[in-house]
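First comes the structure, then the notes that go with it.
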Amino acid sequence: MREAFGEQFQIPDGYLNTAATGVPPLRTGRQVAAAVEDWYTAAHPNASFDDEVETARAAFAALTGTDPGRVAIGSAVSHLIGMIAAALPAGARVLAVRDEFGSVVRPFVTQADRGITVTEVDFDDLAAHVPGHDLVTVAVTQSLDGRTVDLAALRAAAESTGARVLLDVSQAAGWQPLSLGWADWVVGVSHKWLLSPNGACWLACSERGLAEVRPHAASWYAAADRWQNLYGAGPAPADGARGLDTSPIWHAHIGAAASLTWLASLDLAEVRDHCVGLADLLSERLGREPAGSAIVAMDLPEGAGRIAEAGVAASVRGGRVRLSFHLYNTEDDVLQVVRALGR
């Protein structure tokens, strides 16, 4: 058992795989487990969890510095991005970085029959290539190696050209302070740094972004009075981003309501310093240049095998071993990696 930032975590030593799957606070896990038991014992057969959906929606807005009234819910980031891609005008030019996570860019590639083109550039050159493009799609922190976009440079380039900006915060929200109300769209997923069950995700829209996206996955859950308008073609979608909602995976939102509300209550600058401090400490101990990210990607000849034998949980992405440090990690986790590598 570990304690961190006022919560308890039942997590093994050496767990450095949050970038793939975050471990929830014990309190969150117990709330989800209780709801699952209620389900399989039919204790509440007609239960809905609208309150938890709204709580998690507001907490996601707080974590990203966006407007809760302009946040839609979904169950997969690619579905939400797909609505944006399908609403782009024919011939739109999309800019992305090379080796971007597939869900951030592939929904646009599938629109090639409408003349939509996707140009990939080096990560460090993103802002310089914004002119001449209609939309930029990029993960704030890269899944592959933890590099973080220069948001100030991207914003300046987009505002000077009128380009739309779509930001994925799946590897950033939860450990970085974010203020992204300027972006047209901000998407994020629940089960990594937000320490919630898989199956919840969110799309925050600016006023312009909300006006331009269309509910191509129109759902019963998006109706203004959803429980009284379950049938037929007539009910209009709710006003605002809620009109983009798709049917929630209930238990994911139960966990998200608990974990996201807690994360949003923290000093995220302190959380960032804790996470980055551990990641940079590992880099220093291994004789590497600190990257200033909670994610460390390393080329290890033996892959993750050697550290896995020492009880370290990590991922392999793009042929590199990816280690990620969240608020429940400590210097003991750093030392476990160092010892495993014989340093």
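In the structure tokens, chains take the letters A, B, ... in the order shown, each chain's residues start at 1, and ligands count up from 1 in the order shown.
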Please provide as a PyMOL selection string all residues within 9 Å of segment 179-184 of chain A, with the sequence filter that same-chain residues fewer than 4 positions apart are discarded (counting only C-alpha atoms). chain A and resi 62-67+155+164-167+204-210
Exercise: segment 74-77 of chain A partners within 10 Å, only C-alpha atoms, chain neighbours under 2 positions left out, as a ChimeraX atom specification: /A:72,79-82,103-104,168,170,187-190,198-203,217,244-249,252-253
What residues in segment 64-279 of chain A get the DSSP label helix (DSSP H, G or I)? Please answer as a VMD selection string. chain A and resid 64 68 to 70 77 to 87 102 to 109 112 to 114 123 to 125 127 to 129 151 to 161 207 to 212 220 to 222 226 to 228 240 to 244 250 to 264 268 to 279
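Around Ala56 of chain A, within 6 Å and counting only C-alpha atoms, the residues found are Val53, Glu54, Ala58, Ala59, Ala256 and Ala257 of chain A, once anything fewer than 2 positions away on its own chain is removed.
Taking only C-alpha atoms, the non-local environment of Leu268 of chain A within 7 Å (same-chain residues fewer than 6 positions away omitted) comprises Trp175, Gln176 and Pro177 of chain A.
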Those selected residues, please, written with N, CA and C atoms and delivered as a PDB file, in the first residue's frame.
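Below is the file again35.pdb, written as the result:
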```pdb
ATOM      1  N   TRP A 175      -1.143  15.041 -14.971  1.00  0.00           N
ATOM      2  CA  TRP A 175       0.157  15.355 -14.364  1.00  0.00           C
ATOM      3  C   TRP A 175       0.690  16.722 -14.790  1.00  0.00           C
ATOM      4  N   GLN A 176       0.104  17.319 -15.812  1.00  0.00           N
ATOM      5  CA  GLN A 176       0.527  18.648 -16.251  1.00  0.00           C
ATOM      6  C   GLN A 176      -0.575  19.675 -15.980  1.00  0.00           C
ATOM      7  N   PRO A 177      -0.228  20.861 -15.490  1.00  0.00           N
ATOM      8  CA  PRO A 177      -1.204  21.950 -15.483  1.00  0.00           C
ATOM      9  C   PRO A 177      -1.492  22.365 -16.922  1.00  0.00           C
TER      10      PRO A 177
END
```
From segment 123-298 of chain A, collect each residue whose DSSP state is strand (DSSP E) and return the set as a PyMOL selection string. chain A and resi 135-139+164-168+185-189+201-205+295-298
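The nearest approach to Val118 of chain A among the residues A:Ala43, A:Leu95, A:Val130, A:Val140, with only C-alpha atoms taken into account, belongs to A:Leu95.
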